[in-house]
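Structure below is final36.pdb: PDB, C-alpha atoms and all ligand atoms.
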```
ATOM      1  CA  MET A  58       9.794   4.725  -5.113
ATOM      2  CA  THR A  59       7.791   6.423  -2.337
ATOM      3  CA  ALA A  60       7.239   4.229   0.673
ATOM      4  CA  LEU A  61       3.636   3.274   1.392
ATOM      5  CA  LEU A  62       4.405   3.007   5.122
ATOM      6  CA  GLU A  63       7.331   4.492   6.976
ATOM      7  CA  LEU A  64       8.017   4.224  10.692
ATOM      8  CA  SER A  65      10.859   6.360  12.070
ATOM      9  CA  GLY A  66      11.935   5.891  15.679
ATOM     10  CA  VAL A  67       8.487   4.634  16.666
ATOM     11  CA  GLY A  68       7.911   3.693  20.285
ATOM     12  CA  ARG A  69       4.787   2.701  22.211
ATOM     13  CA  SER A  70       4.477   2.619  25.989
ATOM     14  CA  PHE A  71       1.377   1.884  28.016
ATOM     15  CA  GLY A  72       1.252   3.910  31.220
ATOM     16  CA  VAL A  73       3.729   6.062  33.080
ATOM     17  CA  GLY A  74       6.897   4.250  34.122
ATOM     18  CA  ALA A  75       6.069   1.062  32.192
ATOM     19  CA  PRO A  76       8.865  -0.134  29.878
ATOM     20  CA  PRO A  77       8.102   0.545  26.191
ATOM     21  CA  VAL A  78       6.431  -2.309  24.306
ATOM     22  CA  LEU A  79       7.898  -0.990  21.040
ATOM     23  CA  HIS A  80      11.280   0.703  21.044
ATOM     24  CA  GLN A  81      12.684   3.039  18.350
ATOM     25  CA  LEU A  82      11.316   1.041  15.411
ATOM     26  CA  ASP A  83      12.273   1.925  11.858
ATOM     27  CA  LEU A  84      10.383   0.203   9.047
ATOM     28  CA  VAL A  85       9.670   0.918   5.393
ATOM     29  CA  VAL A  86       6.971  -0.950   3.451
ATOM     30  CA  HIS A  87       6.651  -0.327  -0.294
ATOM     31  CA  ASN A  88       3.568  -0.666  -2.488
ATOM     32  CA  ASP A  89       4.529  -4.124  -3.741
ATOM     33  CA  ASP A  90       5.743  -5.499  -0.414
ATOM     34  CA  PHE A  91       4.596  -8.681   1.310
ATOM     35  CA  LEU A  92       6.054  -8.648   4.805
ATOM     36  CA  ALA A  93       5.649 -11.267   7.519
ATOM     37  CA  ILE A  94       6.340 -10.230  11.115
ATOM     38  CA  THR A  95       7.087 -12.944  13.661
ATOM     39  CA  GLY A  96       8.099 -12.794  17.301
ATOM     40  CA  PRO A  97       7.388 -14.343  20.685
ATOM     41  CA  SER A  98       4.115 -13.865  22.521
ATOM     42  CA  GLY A  99       3.958 -10.423  24.092
ATOM     43  CA  ALA A 100       6.674  -9.019  21.788
ATOM     44  CA  GLY A 101       4.342  -6.267  20.594
ATOM     45  CA  LYS A 102       3.233  -7.635  17.208
ATOM     46  CA  SER A 103      -0.436  -6.675  17.608
ATOM     47  CA  THR A 104       0.570  -3.322  19.067
ATOM     48  CA  LEU A 105       2.666  -2.701  15.941
ATOM     49  CA  LEU A 106      -0.147  -3.808  13.619
ATOM     50  CA  ASN A 107      -2.588  -1.502  15.434
ATOM     51  CA  ILE A 108      -0.235   1.424  14.822
ATOM     52  CA  LEU A 109       0.191   0.511  11.130
ATOM     53  CA  GLY A 110      -3.609   0.250  10.840
ATOM     54  CA  LEU A 111      -4.120   3.693  12.444
ATOM     55  CA  LEU A 112      -6.038   2.043  15.287
ATOM     56  CA  ASP A 113      -3.429   3.207  17.789
ATOM     57  CA  ARG A 114      -0.863   6.006  17.937
ATOM     58  CA  PRO A 115       2.859   5.811  18.723
ATOM     59  CA  THR A 116       3.945   7.532  21.919
ATOM     60  CA  GLU A 117       7.273   8.362  20.208
ATOM     61  CA  GLY A 118       8.488   8.787  16.653
ATOM     62  CA  GLU A 119       6.672   9.289  13.373
ATOM     63  CA  TYR A 120       4.447   7.136  11.198
ATOM     64  CA  ARG A 121       3.972   8.268   7.604
ATOM     65  CA  PHE A 122       1.245   6.682   5.463
ATOM     66  CA  ASP A 123       1.653   7.217   1.719
ATOM     67  CA  GLY A 124       4.203   9.954   2.391
ATOM     68  CA  ALA A 125       2.029  11.960   4.790
ATOM     69  CA  PRO A 126       2.622  12.213   8.553
ATOM     70  CA  THR A 127      -0.235  10.722  10.577
ATOM     71  CA  ARG A 128       0.583  12.219  13.974
ATOM     72  CA  ASP A 129      -1.678  15.259  13.731
ATOM     73  CA  LEU A 130      -4.611  13.594  11.958
ATOM     74  CA  ARG A 131      -7.954  13.840  13.743
ATOM     75  CA  GLU A 132      -9.833  10.612  14.538
ATOM     76  CA  THR A 133     -12.270  11.240  11.678
ATOM     77  CA  GLU A 134      -9.363  11.655   9.241
ATOM     78  CA  ARG A 135      -7.721   8.480  10.513
ATOM     79  CA  ALA A 136     -11.013   6.603  10.139
ATOM     80  CA  ALA A 137     -11.400   7.897   6.566
ATOM     81  CA  LEU A 138      -7.856   6.786   5.699
ATOM     82  CA  ARG A 139      -8.526   3.362   7.226
ATOM     83  CA  GLY A 140     -11.816   3.043   5.354
ATOM     84  CA  SER A 141     -10.332   3.816   1.966
ATOM     85  CA  GLY A 142      -6.709   2.691   2.279
ATOM     86  CA  ILE A 143      -6.434  -0.270   4.645
ATOM     87  CA  GLY A 144      -8.073  -3.698   4.833
ATOM     88  CA  PHE A 145      -7.913  -5.849   7.973
ATOM     89  CA  VAL A 146      -8.017  -9.633   8.397
ATOM     90  CA  PHE A 147      -7.982 -11.284  11.836
ATOM     91  CA  GLN A 148      -7.463 -14.796  13.157
ATOM     92  CA  GLY A 149     -11.116 -15.052  14.265
ATOM     93  CA  PHE A 150     -12.677 -13.882  10.940
ATOM     94  CA  HIS A 151     -15.037 -11.380  12.682
ATOM     95  CA  LEU A 152     -18.085 -12.152  10.532
ATOM     96  CA  LEU A 153     -21.659 -11.416  11.602
ATOM     97  CA  ALA A 154     -23.504 -14.729  12.014
ATOM     98  CA  ALA A 155     -26.965 -13.334  11.185
ATOM     99  CA  ARG A 156     -25.838 -11.773   7.883
ATOM    100  CA  THR A 157     -25.207 -13.630   4.631
ATOM    101  CA  VAL A 158     -21.766 -13.829   3.059
ATOM    102  CA  LEU A 159     -22.635 -11.040   0.601
ATOM    103  CA  GLU A 160     -24.075  -8.846   3.378
ATOM    104  CA  ASN A 161     -20.935  -9.367   5.463
ATOM    105  CA  VAL A 162     -18.776  -8.167   2.576
ATOM    106  CA  LEU A 163     -21.063  -5.182   1.955
ATOM    107  CA  LEU A 164     -20.414  -4.033   5.547
ATOM    108  CA  ALA A 165     -16.953  -2.917   4.393
ATOM    109  CA  PHE A 166     -18.498  -0.022   2.485
ATOM    110  CA  ILE A 167     -19.988   1.629   5.581
ATOM    111  CA  TYR A 168     -16.724   3.490   6.251
ATOM    112  CA  GLY A 169     -15.438   4.054   2.710
ATOM    113  CA  SER A 170     -16.346   6.412  -0.102
ATOM    114  CA  VAL A 171     -17.488   3.833  -2.680
ATOM    115  CA  PRO A 172     -20.775   5.020  -4.261
ATOM    116  CA  ARG A 173     -23.820   2.992  -3.248
ATOM    117  CA  HIS A 174     -24.613   1.803  -6.795
ATOM    118  CA  GLU A 175     -21.141   0.205  -7.156
ATOM    119  CA  ARG A 176     -21.131  -1.657  -3.864
ATOM    120  CA  THR A 177     -22.930  -4.899  -4.722
ATOM    121  CA  SER A 178     -20.959  -5.479  -7.914
ATOM    122  CA  ARG A 179     -17.678  -4.763  -6.081
ATOM    123  CA  ALA A 180     -18.639  -7.166  -3.277
ATOM    124  CA  ARG A 181     -19.565  -9.872  -5.797
ATOM    125  CA  ASP A 182     -16.274  -9.354  -7.669
ATOM    126  CA  ALA A 183     -14.322  -9.700  -4.418
ATOM    127  CA  LEU A 184     -16.189 -12.929  -3.577
ATOM    128  CA  THR A 185     -15.430 -14.242  -7.062
ATOM    129  CA  LYS A 186     -11.754 -13.397  -6.552
ATOM    130  CA  VAL A 187     -11.662 -15.526  -3.370
ATOM    131  CA  GLY A 188     -13.565 -18.388  -5.041
ATOM    132  CA  LEU A 189     -16.874 -18.023  -3.185
ATOM    133  CA  THR A 190     -19.295 -16.990  -5.933
ATOM    134  CA  HIS A 191     -21.455 -20.014  -5.091
ATOM    135  CA  ARG A 192     -21.718 -19.194  -1.344
ATOM    136  CA  MET A 193     -22.858 -15.544  -1.502
ATOM    137  CA  ASP A 194     -26.256 -16.240   0.062
ATOM    138  CA  ALA A 195     -24.968 -18.668   2.704
ATOM    139  CA  PHE A 196     -24.637 -17.757   6.392
ATOM    140  CA  PRO A 197     -21.149 -17.862   7.957
ATOM    141  CA  GLY A 198     -22.144 -20.699  10.327
ATOM    142  CA  THR A 199     -22.560 -23.034   7.366
ATOM    143  CA  LEU A 200     -19.047 -22.372   5.979
ATOM    144  CA  SER A 201     -15.715 -24.040   6.749
ATOM    145  CA  GLY A 202     -13.003 -22.051   8.552
ATOM    146  CA  GLY A 203     -11.114 -21.565   5.300
ATOM    147  CA  GLU A 204     -14.238 -20.292   3.552
ATOM    148  CA  ARG A 205     -14.958 -17.895   6.429
ATOM    149  CA  GLN A 206     -11.468 -16.478   6.222
ATOM    150  CA  ARG A 207     -11.884 -16.018   2.461
ATOM    151  CA  VAL A 208     -15.111 -14.061   3.123
ATOM    152  CA  ALA A 209     -13.142 -11.880   5.565
ATOM    153  CA  ILE A 210     -10.467 -11.351   2.905
ATOM    154  CA  ALA A 211     -13.119 -10.398   0.315
ATOM    155  CA  ARG A 212     -14.537  -7.908   2.838
ATOM    156  CA  ALA A 213     -11.034  -6.504   3.460
ATOM    157  CA  VAL A 214     -10.177  -5.966  -0.228
ATOM    158  CA  CYS A 215     -13.507  -5.037  -1.854
ATOM    159  CA  THR A 216     -12.996  -1.324  -1.123
ATOM    160  CA  GLY A 217      -9.702  -1.373  -3.087
ATOM    161  CA  PRO A 218      -7.252  -0.679  -0.230
ATOM    162  CA  ARG A 219      -3.504  -0.080  -0.787
ATOM    163  CA  LEU A 220      -2.572  -2.145   2.285
ATOM    164  CA  LEU A 221      -3.809  -5.407   3.780
ATOM    165  CA  LEU A 222      -3.005  -5.980   7.465
ATOM    166  CA  ALA A 223      -3.457  -9.519   8.733
ATOM    167  CA  ASP A 224      -3.130 -10.642  12.366
ATOM    168  CA  GLU A 225      -2.504 -14.429  12.522
ATOM    169  CA  PRO A 226      -4.748 -14.987   9.461
ATOM    170  CA  THR A 227      -4.072 -18.744   9.407
ATOM    171  CA  GLY A 228      -4.122 -19.263  13.188
ATOM    172  CA  ASN A 229      -7.508 -21.046  13.162
ATOM    173  CA  LEU A 230      -6.988 -22.990   9.929
ATOM    174  CA  ASP A 231      -5.686 -26.426   9.017
ATOM    175  CA  GLN A 232      -2.732 -26.773   6.652
ATOM    176  CA  ALA A 233      -4.760 -26.969   3.423
ATOM    177  CA  ASN A 234      -6.875 -23.912   4.238
ATOM    178  CA  ALA A 235      -3.808 -22.009   5.478
ATOM    179  CA  ASP A 236      -2.148 -22.775   2.123
ATOM    180  CA  GLY A 237      -5.222 -21.461   0.300
ATOM    181  CA  VAL A 238      -5.150 -18.195   2.275
ATOM    182  CA  MET A 239      -1.447 -17.730   1.575
ATOM    183  CA  ARG A 240      -1.952 -18.358  -2.152
ATOM    184  CA  LEU A 241      -4.665 -15.732  -2.121
ATOM    185  CA  PHE A 242      -2.418 -13.217  -0.342
ATOM    186  CA  ALA A 243       0.336 -13.876  -2.911
ATOM    187  CA  GLU A 244      -2.150 -13.279  -5.762
ATOM    188  CA  LEU A 245      -3.450 -10.070  -4.187
ATOM    189  CA  ASN A 246       0.136  -8.939  -3.663
ATOM    190  CA  ASP A 247       0.951  -9.730  -7.342
ATOM    191  CA  ASP A 248      -2.056  -7.548  -8.247
ATOM    192  CA  GLY A 249      -0.406  -4.626  -6.404
ATOM    193  CA  LEU A 250      -1.698  -4.846  -2.833
ATOM    194  CA  ALA A 251       0.892  -4.409  -0.067
ATOM    195  CA  VAL A 252       0.483  -7.086   2.628
ATOM    196  CA  VAL A 253       1.774  -7.008   6.212
ATOM    197  CA  MET A 254       1.021 -10.155   8.164
ATOM    198  CA  ILE A 255       1.696 -11.265  11.718
ATOM    199  CA  THR A 256       2.248 -14.967  12.218
ATOM    200  CA  HIS A 257       3.832 -17.231  14.781
ATOM    201  CA  ASP A 258       4.220 -19.926  12.087
ATOM    202  CA  ARG A 259       7.621 -19.886  10.395
ATOM    203  CA  GLU A 260       6.385 -21.951   7.433
ATOM    204  CA  ILE A 261       3.688 -19.347   6.829
ATOM    205  CA  ALA A 262       6.236 -16.515   7.241
ATOM    206  CA  ARG A 263       8.377 -18.104   4.507
ATOM    207  CA  ARG A 264       5.520 -17.612   2.051
ATOM    208  CA  ALA A 265       5.918 -13.816   2.305
ATOM    209  CA  ARG A 266       8.487 -11.933   0.213
ATOM    210  CA  ARG A 267      10.191 -10.506   3.299
ATOM    211  CA  HIS A 268      10.431 -11.299   6.977
ATOM    212  CA  ALA A 269      10.981  -9.143  10.050
ATOM    213  CA  ARG A 270      11.306 -10.394  13.609
ATOM    214  CA  LEU A 271      10.096  -8.450  16.614
ATOM    215  CA  SER A 272      11.593  -9.227  19.995
ATOM    216  CA  ASP A 273      12.147  -7.171  23.132
ATOM    217  CA  GLY A 274      10.343  -4.311  21.407
ATOM    218  CA  ARG A 275      12.920  -4.137  18.597
ATOM    219  CA  LEU A 276      12.510  -5.064  14.957
ATOM    220  CA  ASP A 277      15.082  -7.036  12.943
ATOM    221  CA  THR A 278      14.067  -6.481   9.323
ATOM    222  CA  GLU A 279      16.836  -8.681   7.907
ATOM    223  CA  ALA A 280      15.667 -11.778   9.785
ATOM    224  CA  LYS A 281      15.314 -15.083   7.908
ATOM    225  CA  ALA A 282      11.988 -16.855   8.382
TER     226      ALA A 282
HETATM  227  N1  LIG B   1      -3.910  -1.389  25.794
HETATM  228  C1  LIG B   1      -2.894  -1.898  26.483
HETATM  229  N2  LIG B   1      -2.656  -1.507  27.759
HETATM  230  C2  LIG B   1      -1.623  -1.989  28.459
HETATM  231  N3  LIG B   1      -0.739  -2.906  27.986
HETATM  232  C3  LIG B   1      -0.925  -3.334  26.724
HETATM  233  C4  LIG B   1      -1.998  -2.867  25.911
HETATM  234  N4  LIG B   1      -1.913  -3.477  24.696
HETATM  235  C5  LIG B   1      -0.849  -4.290  24.756
HETATM  236  N5  LIG B   1      -0.250  -4.207  25.974
HETATM  237  C6  LIG B   1       0.943  -4.951  26.406
HETATM  238  O1  LIG B   1       1.901  -4.861  25.373
HETATM  239  C7  LIG B   1       2.642  -6.079  25.283
HETATM  240  C8  LIG B   1       2.611  -6.568  23.850
HETATM  241  O2  LIG B   1       1.283  -6.981  23.514
HETATM  242  P1  LIG B   1       0.893  -7.442  22.045
HETATM  243  O3  LIG B   1      -0.509  -7.912  22.096
HETATM  244  O4  LIG B   1       1.232  -6.353  21.101
HETATM  245  O5  LIG B   1       1.900  -8.656  21.826
HETATM  246  P2  LIG B   1       1.907  -9.790  20.698
HETATM  247  O6  LIG B   1       3.320  -9.907  20.237
HETATM  248  O7  LIG B   1       0.872  -9.480  19.671
HETATM  249  O8  LIG B   1       1.495 -11.064  21.547
HETATM  250  P3  LIG B   1       0.710 -12.421  21.110
HETATM  251  O9  LIG B   1       1.603 -13.120  20.117
HETATM  252  O10 LIG B   1       0.605 -13.180  22.414
HETATM  253  O11 LIG B   1      -0.613 -11.989  20.564
HETATM  254  C9  LIG B   1       2.026  -7.045  26.289
HETATM  255  O12 LIG B   1       2.820  -7.060  27.457
HETATM  256  C10 LIG B   1       0.679  -6.439  26.580
HETATM  257  O13 LIG B   1       0.250  -6.719  27.876
END
```
Full structure transcribed into structure tokens:
Amino acid sequence: MTALLELSGVGRSFGVGAPPVLHQLDLVVHNDDFLAITGPSGAGKSTLLNILGLLDRPTEGEYRFDGAPTRDLRETERAALRGSGIGFVFQGFHLLAARTVLENVLLAFIYGSVPRHERTSRARDALTKVGLTHRMDAFPGTLSGGERQRVAIARAVCTGPRLLLADEPTGNLDQANADGVMRLFAELNDDGLAVVMITHDREIARRARRHARLSDGRLDTEAKA
């Protein structure tokens, strides 16, 4: 099976003479993978996620997305690949307070290639998938944290990405809402979406299919959660 993501000898340094934050990382993520990455604060987890999400570039090594090298892609090509192939979910939800739930989800289509006439039905379907059909016209400020994160997940998946990247997606949630988000990730993964998630919570990491631990800039992909 072709890897969806493949890192070979990837390093990332910030500034001349600074020690590398990421060091010679090798990682393969397949289409059906659900990978949790843990590690101490400052280990480079967000730096790694930014590289996987084509928001940042390695200073060493190669990153292949869906079999194709990404090194020589122009910014516009990287943005197009992000818009069509990758969904992002963050700890802080990143919703616009003055837009309704449905309008927030529709924002995802700004960067993709989904035709205009399909957008509202796709956004509604995504909100149905996350159990928020009844809150489409609500404003984010009137929702619980768990509901807000589900809106963010609907926004991340409504364009039909191959990969979902999540940075501490349960960090602002209580146990019950964190459980709900993890159930949703498992369902999306069963439907064929690859998920890579950063978490500091070992219980949450155990809910993934696979666990890798990042420390001192190195990745242990055999680590037990
Ligand atoms: N743009 C940047 N310029 C300089 N240094 C950076 C930059 N981005 C990250 N770093 C450094 O890289 C290291 C790793 O940061 P990163 O945010 O990836 O860690 P993390 O594992 O996600 O940490 P946390 O769990 O606390 O969020 C830190 O020492 C940080 O200061």
* For each of A:Leu241, A:Ala195, A:Val85, A:Ala137, take the minimum atom-to-atom distance to Gly66 (chain A), counting only C-alpha atoms, then give the residue where this is smallest. => A:Val85
* Counting only C-alpha atoms, note down every residue that has an atom within 9 Å of the point (-7.1, -1.8, -2.6) (file coordinates), as a PyMOL selection string. => chain A and resi 141-144+213-221+249-251
Since we have the selection now, will you write its residues out, keeping C-alpha atoms, as a short mmCIF file (atom, residue, chain, number, x, y, z; two decimals), in the coordinates of the input?
```cif
data_model
loop_
_atom_site.label_atom_id
_atom_site.label_comp_id
_atom_site.auth_asym_id
_atom_site.auth_seq_id
_atom_site.Cartn_x
_atom_site.Cartn_y
_atom_site.Cartn_z
CA SER A 141 -10.33 3.82 1.97
CA GLY A 142 -6.71 2.69 2.28
CA ILE A 143 -6.43 -0.27 4.64
CA GLY A 144 -8.07 -3.70 4.83
CA ALA A 213 -11.03 -6.50 3.46
CA VAL A 214 -10.18 -5.97 -0.23
CA CYS A 215 -13.51 -5.04 -1.85
CA THR A 216 -13.00 -1.32 -1.12
CA GLY A 217 -9.70 -1.37 -3.09
CA PRO A 218 -7.25 -0.68 -0.23
CA ARG A 219 -3.50 -0.08 -0.79
CA LEU A 220 -2.57 -2.14 2.28
CA LEU A 221 -3.81 -5.41 3.78
CA GLY A 249 -0.41 -4.63 -6.40
CA LEU A 250 -1.70 -4.85 -2.83
CA ALA A 251 0.89 -4.41 -0.07
#
```
* Would you mind listing what lies within 8 Å of Arg264 (chain A) as a ChimeraX atom specification, with only C-alpha atoms counted and same-chain residues fewer than 3 positions away left out? => /A:239,260-261
* **Selection as a ChimeraX atom specification: residues within 8 Å of ligand LIG 1 (chain B) by all atoms listed in the file** => /A:70-72,78,96-105,257,271
* Asked: Any chance you could work out the residue set of the PyMOL selection byres (((chain A and resi 147) around 10) and not hetatm) here, as an NGL selection string?
  -> :A and (145-146 or 148-151 or 206 or 209-210 or 222-229 or 254-255)
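Interatomic distance, CA of Arg205 (chain A) to CA of Asp182 (chain A): 16.5 Å.
Of note, CA of Ala183 (chain A) and CA of Val162 (chain A) are spaced 8.4 Å apart.
Our summary of the geometry notes that CA of Leu152 (chain A) is positioned 16.6 Å from CA of Arg181 (chain A).
The residues returned by the PyMOL selection byres (((chain A and resi 203) around 10) and not hetatm) for this structure are Phe150, Leu200, Ser201, Gly202, Glu204, Arg205, Gln206, Arg207, Val208, Ala209, Thr227, Asn229, Leu230, Asp231, Gln232, Ala233, Asn234, Ala235, Asp236, Gly237 and Val238 of chain A.
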* **12 Å contact set for Glu117 (chain A), only C-alpha atoms, chain neighbours under 5 positions out, as a VMD selection string** => chain A and resid 64 to 71 77 to 83 108 128
* **Resolved residues for the PyMOL selection byres (((chain A and resi 281) around 10) and not hetatm) as JSON, numbers by chain** => {"A": [259, 262, 263, 267, 268, 269, 270, 277, 278, 279, 280, 282]}
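Using all atoms listed in the file, the residues found no farther than 9 Å from Leu153 (chain A), other than those of its own chain fewer than 6 positions away, are Glu160, Asn161, Phe196 and Pro197 of chain A.
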* Proximity to Arg121 (chain A) - best of A:Asp90, A:Leu163, A:Glu175, A:Glu63, all atoms listed in the file -> A:Glu63
* Excluding Ala243 (chain A) and any residue of its chain fewer than 6 positions from it, enumerate the residues within 9 Å of it, using all atoms listed in the file, and give them as a PyMOL selection string. => chain A and resi 91+252+264-266
Go ahead and write the selection's residues with C-alpha atoms as a PDB file, keeping the file's coordinate frame.
```pdb
ATOM      1  CA  PHE A  91       4.596  -8.681   1.310  1.00  0.00           C
ATOM      2  CA  VAL A 252       0.483  -7.086   2.628  1.00  0.00           C
ATOM      3  CA  ARG A 264       5.520 -17.612   2.051  1.00  0.00           C
ATOM      4  CA  ALA A 265       5.918 -13.816   2.305  1.00  0.00           C
ATOM      5  CA  ARG A 266       8.487 -11.933   0.213  1.00  0.00           C
TER       6      ARG A 266
END
```
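Of the residues listed (A:Leu159, A:Ala154, A:Leu276, A:Val253), A:Val253 shows the shortest atom-to-atom separation from Leu62 (chain A); distances use all atoms listed in the file.
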* Structure fact -> Between A:Gly140, A:Val73, A:Ser272, A:Leu84, smallest distance to Thr116 (chain A) by all atoms listed in the file belongs to A:Val73
